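Down below is the structure, laid out as structure tokens.
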Amino acid sequence: MSLKNNIPLAHGLGSNSAAIFGGLIAANVYLGFPLSADGLLKMTVELEGHPDNVAPAFFGGVVICSQSDFRYAKLPTFDHDVVLAIPDFEVKTS
């Protein structure tokens, strides 16, 4: 099994969240779906620690969330192009 993650590491785009979430999805499938979607989301947040990165990896698109009580809302999609500026240097979460 392999997981391909094209999100650049240490550039503030949530590569860790996407990798953790991908691994948990694969494990959940392998084990016969013991975790609900909510359970997967909570476990990913516990492992990663940053719901602002986890929620978009989980839902896709633009998601806003609260760190203190982990409430979230997925914003409606829009029909516009999105441009990301990715720095050529690492940006550590800390």
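Simple scheme: letters A, B, ... for chains in structure tokens order, numbers from 1 for residues in each chain, numbers from 1 for ligands in the order shown.
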
(Q) Taking 5 positions as the minimum chain separation for residues in the same chain, which residues sit within 12 Å of Phe59 in chain A when counting only C-alpha atoms? Answer as a count of residues only. (A) 19

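Residue nearest Gly22 in chain A within the list A:Pro34, A:Leu3, A:Gly39, A:Val62: A:Leu3 [criterion: smallest interatomic distance, only C-alpha atoms].
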
(Q) Can you pull out every residue from chain A that DSSP, working from the backbone, puts in strand (DSSP E), and format the result as a PyMOL selection string? (A) chain A and resi 63-65+72-74

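Checking A:His80, A:Lys4, A:Arg71, A:Lys92 one by one against Lys42 in chain A, counting only C-alpha atoms, you find the shortest gap at A:Arg71.
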
Just the residues within 9 Å of Ala10 in chain A, please, counting only C-alpha atoms, with nothing from its chain fewer than 6 positions along; format it as a tab-separated table (two decimals) with N, CA, C and O atoms, in the first residue's frame.
chain	number	residue	atom	x	y	z
A	16	ASN	N	0.75	17.44	6.80
A	16	ASN	CA	0.66	16.45	7.88
A	16	ASN	C	-0.77	15.99	8.09
A	16	ASN	O	-1.04	14.80	8.27
A	89	PHE	N	10.69	28.57	1.12
A	89	PHE	CA	11.35	28.24	2.39
A	89	PHE	C	10.32	27.56	3.28
A	89	PHE	O	9.12	27.66	3.07
A	90	GLU	N	10.81	26.80	4.27
A	90	GLU	CA	9.93	26.08	5.16
A	90	GLU	C	9.27	27.00	6.19
A	90	GLU	O	9.88	27.96	6.65
A	91	VAL	N	8.01	26.70	6.49
A	91	VAL	CA	7.26	27.44	7.49
A	91	VAL	C	6.79	26.42	8.53
A	91	VAL	O	5.84	25.68	8.28
A	92	LYS	N	7.46	26.35	9.65
A	92	LYS	CA	7.11	25.41	10.70
A	92	LYS	C	5.86	25.87	11.44
A	92	LYS	O	5.67	27.06	11.65
A	93	THR	N	5.02	24.94	11.84
A	93	THR	CA	3.80	25.26	12.57
A	93	THR	C	4.10	25.99	13.86
A	93	THR	O	3.40	26.92	14.25

**Q.** Option closest in space to Leu47 in chain A, from A:Val29, A:Val63, A:Ile20, A:Leu35 [counting only C-alpha atoms]
**A.** A:Ile20

Q | DSSP alpha helix (DSSP H) residues within chain A, as an MDAnalysis selection string | A | chainID A and resid 15:30 37:48 51:59
